[in-house]
Protein chains: 2
Amino acid sequence: MNISEVSRLAQLPTKTVRYYADIDLVAPCGRSEAGYRTYSDTELRKLVFVRRARESGFSIEECRELLGLYEDDDRNSADVKAIASKKLKEIKAKQRELQMLHDELAHVVQSCRGDDRPNCPIIDYLS
Amino acid sequence: MNISEVSRLAQLPTKTVRYYADIDLVAPCGRSEAGYRTYSDTELRKLVFVRRARESGFSIEECRELLGLYEDDDRNSADVKAIASKKLKEIKAKQRELQMLHDELAHVVQSCRGDDRPNCPIIDYLS
DNA sequence: TCTAGTCTTTCCAGTAACTGGAAGGTCAAG
DNA sequence: CTTGACCTTCCAGTTACTGGAAAGACTAGA
């Protein structure tokens, strides 16, 4: 796969994929004769994983750590399990925060249904 | 409330709260004699809201838009409802992505339980 | 075989959203 | 009335991209 195809499939700009290669977060599996970056399904999967993690607010360094969990040779060690569990906790915390954001916004939508009621409950709620 | 207290309650660095004031995302409700920024519960709530939105991957400009939904005088208009609904959809999409991230990571933890099995299913899965 | 159009490369500058540090003013306790 | 923990502004640095220029590579059609 060339960079444009993997970008399209991973739903990331080519610029970003190139950047991830530069900082060695997700390296291409090789280069063509002409120097074109080449990608396989493995890298595609990693890129999708990183996109999700980034969109969910994890930093590049955290993504590196998360990806590392897949590649760690000593994957069975308690250390790796501990890191993964910590990250799982962080993800769950994010899910809760996102849910609160959702509920708050849903409350706005529901409270102000577009009818003619002059007093919106959200005004009292937020002021 | 002074800046350090509101920062503590909102769980944001004071630097960030000051920055949000600078870019007029969440302005303090006033200034003391000496020029200290002062905050009320309204601003605290907004800061918490923004923290959640930012941690969930919304940009500053999107946060501005989201906050705007609370303050729009014409809150009953179809426009505002449309924007809010669009944002709700985005939040739901983020929740799905986060869930996939969670499942993928939980799979790693569960598959490699720290016992002595030499072959970890995740290796086949990701390579 | 040439050429147009669409890849791709590297490099460099710019942006977004903080973040750290310096220099200095404010306030409350002892 | 000083000490220490606040607060202020300003400016420089970092992270994670993002856009654009200049130039090489590949593919389809005349």
# chains A, B, ... in the order shown; residues from 1 in each chain; ligands from 1
call {"tool": "calpha_fit_and_write", "arguments": {"fixed": "chain B", "moving": "chain A", "output": "PDB file with C-alpha atoms, in the first residue's frame"}}
result
ATOM      1  CA  MET A   1     -13.228  32.925  43.883  1.00  0.00           C
ATOM      2  CA  ASN A   2      -9.621  33.640  42.888  1.00  0.00           C
ATOM      3  CA  ILE A   3      -7.939  31.857  40.012  1.00  0.00           C
ATOM      4  CA  SER A   4      -6.212  29.180  42.087  1.00  0.00           C
ATOM      5  CA  GLU A   5      -9.430  28.057  43.741  1.00  0.00           C
ATOM      6  CA  VAL A   6     -11.431  27.873  40.526  1.00  0.00           C
ATOM      7  CA  SER A   7      -8.523  26.020  38.879  1.00  0.00           C
ATOM      8  CA  ARG A   8      -8.428  23.510  41.701  1.00  0.00           C
ATOM      9  CA  LEU A   9     -12.190  22.943  41.547  1.00  0.00           C
ATOM     10  CA  ALA A  10     -12.262  22.730  37.752  1.00  0.00           C
ATOM     11  CA  GLN A  11      -9.192  20.500  37.741  1.00  0.00           C
ATOM     12  CA  LEU A  12      -7.331  22.713  35.293  1.00  0.00           C
ATOM     13  CA  PRO A  13      -3.884  24.387  35.630  1.00  0.00           C
ATOM     14  CA  THR A  14      -4.089  28.102  36.510  1.00  0.00           C
ATOM     15  CA  LYS A  15      -2.043  28.731  33.377  1.00  0.00           C
ATOM     16  CA  THR A  16      -4.814  27.200  31.300  1.00  0.00           C
ATOM     17  CA  VAL A  17      -7.576  29.137  33.070  1.00  0.00           C
ATOM     18  CA  ARG A  18      -5.624  32.343  32.439  1.00  0.00           C
ATOM     19  CA  TYR A  19      -5.187  31.311  28.808  1.00  0.00           C
ATOM     20  CA  TYR A  20      -8.938  30.695  28.437  1.00  0.00           C
ATOM     21  CA  ALA A  21      -9.498  34.202  29.822  1.00  0.00           C
ATOM     22  CA  ASP A  22      -6.964  35.650  27.329  1.00  0.00           C
ATOM     23  CA  ILE A  23      -8.675  34.089  24.329  1.00  0.00           C
ATOM     24  CA  ASP A  24     -12.074  34.976  25.800  1.00  0.00           C
ATOM     25  CA  LEU A  25     -13.309  31.401  25.986  1.00  0.00           C
ATOM     26  CA  VAL A  26     -14.205  31.575  29.672  1.00  0.00           C
ATOM     27  CA  ALA A  27     -13.817  35.124  30.970  1.00  0.00           C
ATOM     28  CA  PRO A  28     -13.685  35.839  34.710  1.00  0.00           C
ATOM     29  CA  CYS A  29     -16.880  37.493  36.001  1.00  0.00           C
ATOM     30  CA  GLY A  30     -14.765  40.436  37.149  1.00  0.00           C
ATOM     31  CA  ARG A  31     -11.522  41.800  38.584  1.00  0.00           C
ATOM     32  CA  SER A  32     -10.628  42.778  42.128  1.00  0.00           C
ATOM     33  CA  GLU A  33      -9.276  46.234  43.052  1.00  0.00           C
ATOM     34  CA  ALA A  34      -5.768  44.899  42.591  1.00  0.00           C
ATOM     35  CA  GLY A  35      -6.597  43.402  39.210  1.00  0.00           C
ATOM     36  CA  TYR A  36      -7.048  39.786  40.356  1.00  0.00           C
ATOM     37  CA  ARG A  37      -9.409  37.738  38.180  1.00  0.00           C
ATOM     38  CA  THR A  38     -12.577  36.724  40.048  1.00  0.00           C
ATOM     39  CA  TYR A  39     -14.749  33.725  39.210  1.00  0.00           C
ATOM     40  CA  SER A  40     -18.222  32.565  40.211  1.00  0.00           C
ATOM     41  CA  ASP A  41     -19.988  29.192  40.026  1.00  0.00           C
ATOM     42  CA  THR A  42     -21.125  29.983  36.496  1.00  0.00           C
ATOM     43  CA  GLU A  43     -17.556  30.219  35.221  1.00  0.00           C
ATOM     44  CA  LEU A  44     -16.548  27.180  37.249  1.00  0.00           C
ATOM     45  CA  ARG A  45     -19.253  25.176  35.539  1.00  0.00           C
ATOM     46  CA  LYS A  46     -18.118  26.404  32.145  1.00  0.00           C
ATOM     47  CA  LEU A  47     -14.508  25.502  32.909  1.00  0.00           C
ATOM     48  CA  VAL A  48     -15.492  21.979  33.935  1.00  0.00           C
ATOM     49  CA  PHE A  49     -17.551  21.705  30.759  1.00  0.00           C
ATOM     50  CA  VAL A  50     -14.627  22.887  28.647  1.00  0.00           C
ATOM     51  CA  ARG A  51     -12.189  20.553  30.387  1.00  0.00           C
ATOM     52  CA  ARG A  52     -14.434  17.590  29.596  1.00  0.00           C
ATOM     53  CA  ALA A  53     -14.891  18.675  26.011  1.00  0.00           C
ATOM     54  CA  ARG A  54     -11.140  19.272  25.536  1.00  0.00           C
ATOM     55  CA  GLU A  55     -10.227  15.948  27.149  1.00  0.00           C
ATOM     56  CA  SER A  56     -12.708  14.311  24.832  1.00  0.00           C
ATOM     57  CA  GLY A  57     -10.945  15.746  21.826  1.00  0.00           C
ATOM     58  CA  PHE A  58     -13.034  18.799  20.940  1.00  0.00           C
ATOM     59  CA  SER A  59     -11.046  21.822  19.740  1.00  0.00           C
ATOM     60  CA  ILE A  60     -11.157  25.225  21.408  1.00  0.00           C
ATOM     61  CA  GLU A  61     -13.340  26.543  18.590  1.00  0.00           C
ATOM     62  CA  GLU A  62     -15.717  23.627  19.029  1.00  0.00           C
ATOM     63  CA  CYS A  63     -15.805  24.326  22.768  1.00  0.00           C
ATOM     64  CA  ARG A  64     -16.662  27.915  21.972  1.00  0.00           C
ATOM     65  CA  GLU A  65     -19.517  26.687  19.808  1.00  0.00           C
ATOM     66  CA  LEU A  66     -20.706  24.307  22.517  1.00  0.00           C
ATOM     67  CA  LEU A  67     -20.585  27.013  25.193  1.00  0.00           C
ATOM     68  CA  GLY A  68     -22.403  29.295  22.770  1.00  0.00           C
ATOM     69  CA  LEU A  69     -25.349  26.916  22.864  1.00  0.00           C
ATOM     70  CA  TYR A  70     -25.799  27.833  26.510  1.00  0.00           C
ATOM     71  CA  GLU A  71     -25.571  31.533  25.932  1.00  0.00           C
ATOM     72  CA  ASP A  72     -27.363  31.985  22.657  1.00  0.00           C
ATOM     73  CA  ASP A  73     -30.219  34.417  23.197  1.00  0.00           C
ATOM     74  CA  ASP A  74     -32.183  32.718  20.509  1.00  0.00           C
ATOM     75  CA  ARG A  75     -31.768  29.380  22.151  1.00  0.00           C
ATOM     76  CA  ASN A  76     -35.090  28.177  20.825  1.00  0.00           C
ATOM     77  CA  SER A  77     -34.109  28.538  17.199  1.00  0.00           C
ATOM     78  CA  ALA A  78     -33.821  25.554  14.938  1.00  0.00           C
ATOM     79  CA  ASP A  79     -30.223  26.568  14.152  1.00  0.00           C
ATOM     80  CA  VAL A  80     -29.056  26.079  17.717  1.00  0.00           C
ATOM     81  CA  LYS A  81     -30.910  22.791  17.959  1.00  0.00           C
ATOM     82  CA  ALA A  82     -29.251  21.641  14.749  1.00  0.00           C
ATOM     83  CA  ILE A  83     -25.753  22.491  16.005  1.00  0.00           C
ATOM     84  CA  ALA A  84     -26.406  20.807  19.343  1.00  0.00           C
ATOM     85  CA  SER A  85     -27.700  17.693  17.629  1.00  0.00           C
ATOM     86  CA  LYS A  86     -24.670  17.598  15.361  1.00  0.00           C
ATOM     87  CA  LYS A  87     -22.385  17.837  18.396  1.00  0.00           C
ATOM     88  CA  LEU A  88     -24.370  15.103  20.130  1.00  0.00           C
ATOM     89  CA  LYS A  89     -23.755  12.878  17.121  1.00  0.00           C
ATOM     90  CA  GLU A  90     -20.032  13.672  17.307  1.00  0.00           C
ATOM     91  CA  ILE A  91     -20.000  12.795  20.980  1.00  0.00           C
ATOM     92  CA  LYS A  92     -21.730   9.484  20.279  1.00  0.00           C
ATOM     93  CA  ALA A  93     -19.170   8.737  17.551  1.00  0.00           C
ATOM     94  CA  LYS A  94     -16.384   9.475  20.015  1.00  0.00           C
ATOM     95  CA  GLN A  95     -18.008   7.147  22.527  1.00  0.00           C
ATOM     96  CA  ARG A  96     -18.012   4.354  19.973  1.00  0.00           C
ATOM     97  CA  GLU A  97     -14.339   4.969  19.048  1.00  0.00           C
ATOM     98  CA  LEU A  98     -13.408   5.015  22.730  1.00  0.00           C
ATOM     99  CA  GLN A  99     -15.301   1.771  23.242  1.00  0.00           C
ATOM    100  CA  MET A 100     -13.373   0.138  20.401  1.00  0.00           C
ATOM    101  CA  LEU A 101     -10.113   1.381  21.894  1.00  0.00           C
ATOM    102  CA  HIS A 102     -11.216  -0.056  25.221  1.00  0.00           C
ATOM    103  CA  ASP A 103     -12.163  -3.414  23.773  1.00  0.00           C
ATOM    104  CA  GLU A 104      -8.938  -3.698  21.836  1.00  0.00           C
ATOM    105  CA  LEU A 105      -6.859  -2.961  24.925  1.00  0.00           C
ATOM    106  CA  ALA A 106      -8.994  -5.192  27.138  1.00  0.00           C
ATOM    107  CA  HIS A 107      -8.376  -7.942  24.614  1.00  0.00           C
ATOM    108  CA  VAL A 108      -4.616  -7.473  25.063  1.00  0.00           C
ATOM    109  CA  VAL A 109      -4.929  -7.655  28.833  1.00  0.00           C
ATOM    110  CA  GLN A 110      -7.217 -10.676  28.770  1.00  0.00           C
ATOM    111  CA  SER A 111      -5.325 -12.575  26.120  1.00  0.00           C
ATOM    112  CA  CYS A 112      -2.000 -12.213  27.903  1.00  0.00           C
ATOM    113  CA  ARG A 113      -2.915 -13.040  31.436  1.00  0.00           C
ATOM    114  CA  GLY A 114       0.629 -13.239  32.707  1.00  0.00           C
ATOM    115  CA  ASP A 115       0.773 -17.016  32.630  1.00  0.00           C
ATOM    116  CA  ASP A 116       3.381 -19.016  30.766  1.00  0.00           C
ATOM    117  CA  ARG A 117       1.560 -19.585  27.491  1.00  0.00           C
ATOM    118  CA  PRO A 118       4.123 -18.862  24.827  1.00  0.00           C
ATOM    119  CA  ASN A 119       1.694 -17.828  22.073  1.00  0.00           C
ATOM    120  CA  CYS A 120      -0.320 -14.723  22.596  1.00  0.00           C
ATOM    121  CA  PRO A 121      -3.399 -14.474  20.319  1.00  0.00           C
ATOM    122  CA  ILE A 122      -2.737 -10.774  19.899  1.00  0.00           C
ATOM    123  CA  ILE A 123       0.391 -11.524  17.914  1.00  0.00           C
ATOM    124  CA  ASP A 124      -1.672 -13.298  15.261  1.00  0.00           C
ATOM    125  CA  TYR A 125      -4.261 -10.557  15.450  1.00  0.00           C
ATOM    126  CA  LEU A 126      -1.820  -7.759  14.792  1.00  0.00           C
ATOM    127  CA  SER A 127       0.660  -9.309  12.407  1.00  0.00           C
TER     128      SER A 127
END
call {"tool": "select_by_dssp", "arguments": {"residues": "chain B", "states": "alpha helix (DSSP H)", "output": "PyMOL selection string"}}
result
chain B and resi 3-10+14-22+41-55+60-71+78-111+121-126
call {"tool": "interface_residues", "arguments": {"of": "chain D", "to": "chain A", "cutoff": "12 Å", "atoms": "only C-alpha atoms (C1' of nucleotides)", "output": "list in words"}}
result
DT15, DA16, DC17, DT18, DG19, DG24, DA25 and DC26 of chain D
call {"tool": "atom_distance", "arguments": {"atom1": "atom C1' of D:DT3", "atom2": "atom C1' of C:DA22"}}
result
20.4 Å
call {"tool": "select_by_dssp", "arguments": {"residues": "chain B", "states": "strand (DSSP E)", "output": "NGL selection string"}}
result
:B and (30-31 or 37-38)
call {"tool": "interface_residues", "arguments": {"of": "chain C", "to": "chain B", "cutoff": "9 Å", "atoms": "only C-alpha atoms (C1' of nucleotides)", "output": "number ranges by chain"}}
result
C: 16-19, 25-26
call {"tool": "atom_distance", "arguments": {"atom1": "atom C1' of D:DT8", "atom2": "atom C1' of C:DG21"}}
result
14.1 Å
call {"tool": "atom_distance", "arguments": {"atom1": "atom C1' of D:DG13", "atom2": "atom C1' of C:DG20"}}
result
8.0 Å
call {"tool": "decode", "arguments": {"residues": "stretch 37-93 of chain B", "atoms": "C-alpha atoms", "output": "compact mmCIF listing (two decimals), in the first residue's frame"}}
result
# COMPACT_ATOMS: atom_id res chain seq x y z
CA ARG B 37 -9.33 37.65 38.17
CA THR B 38 -12.51 36.67 40.05
CA TYR B 39 -14.72 33.69 39.22
CA SER B 40 -18.19 32.54 40.22
CA ASP B 41 -19.96 29.17 40.01
CA THR B 42 -21.11 29.98 36.50
CA GLU B 43 -17.54 30.21 35.23
CA LEU B 44 -16.55 27.14 37.23
CA ARG B 45 -19.27 25.16 35.51
CA LYS B 46 -18.13 26.40 32.13
CA LEU B 47 -14.52 25.48 32.88
CA VAL B 48 -15.53 21.95 33.88
CA PHE B 49 -17.59 21.71 30.71
CA VAL B 50 -14.65 22.89 28.60
CA ARG B 51 -12.23 20.53 30.33
CA ARG B 52 -14.48 17.61 29.52
CA ALA B 53 -14.95 18.71 25.94
CA ARG B 54 -11.20 19.29 25.46
CA GLU B 55 -10.27 15.96 27.04
CA SER B 56 -12.75 14.34 24.73
CA GLY B 57 -11.00 15.79 21.72
CA PHE B 58 -13.09 18.86 20.87
CA SER B 59 -11.10 21.87 19.68
CA ILE B 60 -11.19 25.27 21.37
CA GLU B 61 -13.37 26.61 18.57
CA GLU B 62 -15.76 23.70 19.00
CA CYS B 63 -15.84 24.38 22.73
CA ARG B 64 -16.70 27.98 21.95
CA GLU B 65 -19.55 26.75 19.79
CA LEU B 66 -20.75 24.36 22.50
CA LEU B 67 -20.61 27.06 25.18
CA GLY B 68 -22.45 29.33 22.79
CA LEU B 69 -25.40 26.95 22.90
CA TYR B 70 -25.83 27.87 26.55
CA GLU B 71 -25.63 31.56 25.95
CA ASP B 72 -27.45 32.02 22.70
CA ASP B 73 -30.31 34.44 23.29
CA ASP B 74 -32.31 32.74 20.58
CA ARG B 75 -31.85 29.36 22.23
CA ASN B 76 -35.16 28.14 20.83
CA SER B 77 -34.14 28.56 17.22
CA ALA B 78 -33.82 25.58 14.92
CA ASP B 79 -30.22 26.61 14.19
CA VAL B 80 -29.06 26.12 17.74
CA LYS B 81 -30.93 22.84 17.98
CA ALA B 82 -29.28 21.69 14.76
CA ILE B 83 -25.78 22.52 16.01
CA ALA B 84 -26.44 20.83 19.34
CA SER B 85 -27.74 17.74 17.61
CA LYS B 86 -24.71 17.63 15.34
CA LYS B 87 -22.42 17.88 18.37
CA LEU B 88 -24.41 15.13 20.09
CA LYS B 89 -23.79 12.91 17.08
CA GLU B 90 -20.08 13.70 17.26
CA ILE B 91 -20.04 12.80 20.95
CA LYS B 92 -21.77 9.50 20.22
CA ALA B 93 -19.21 8.75 17.50
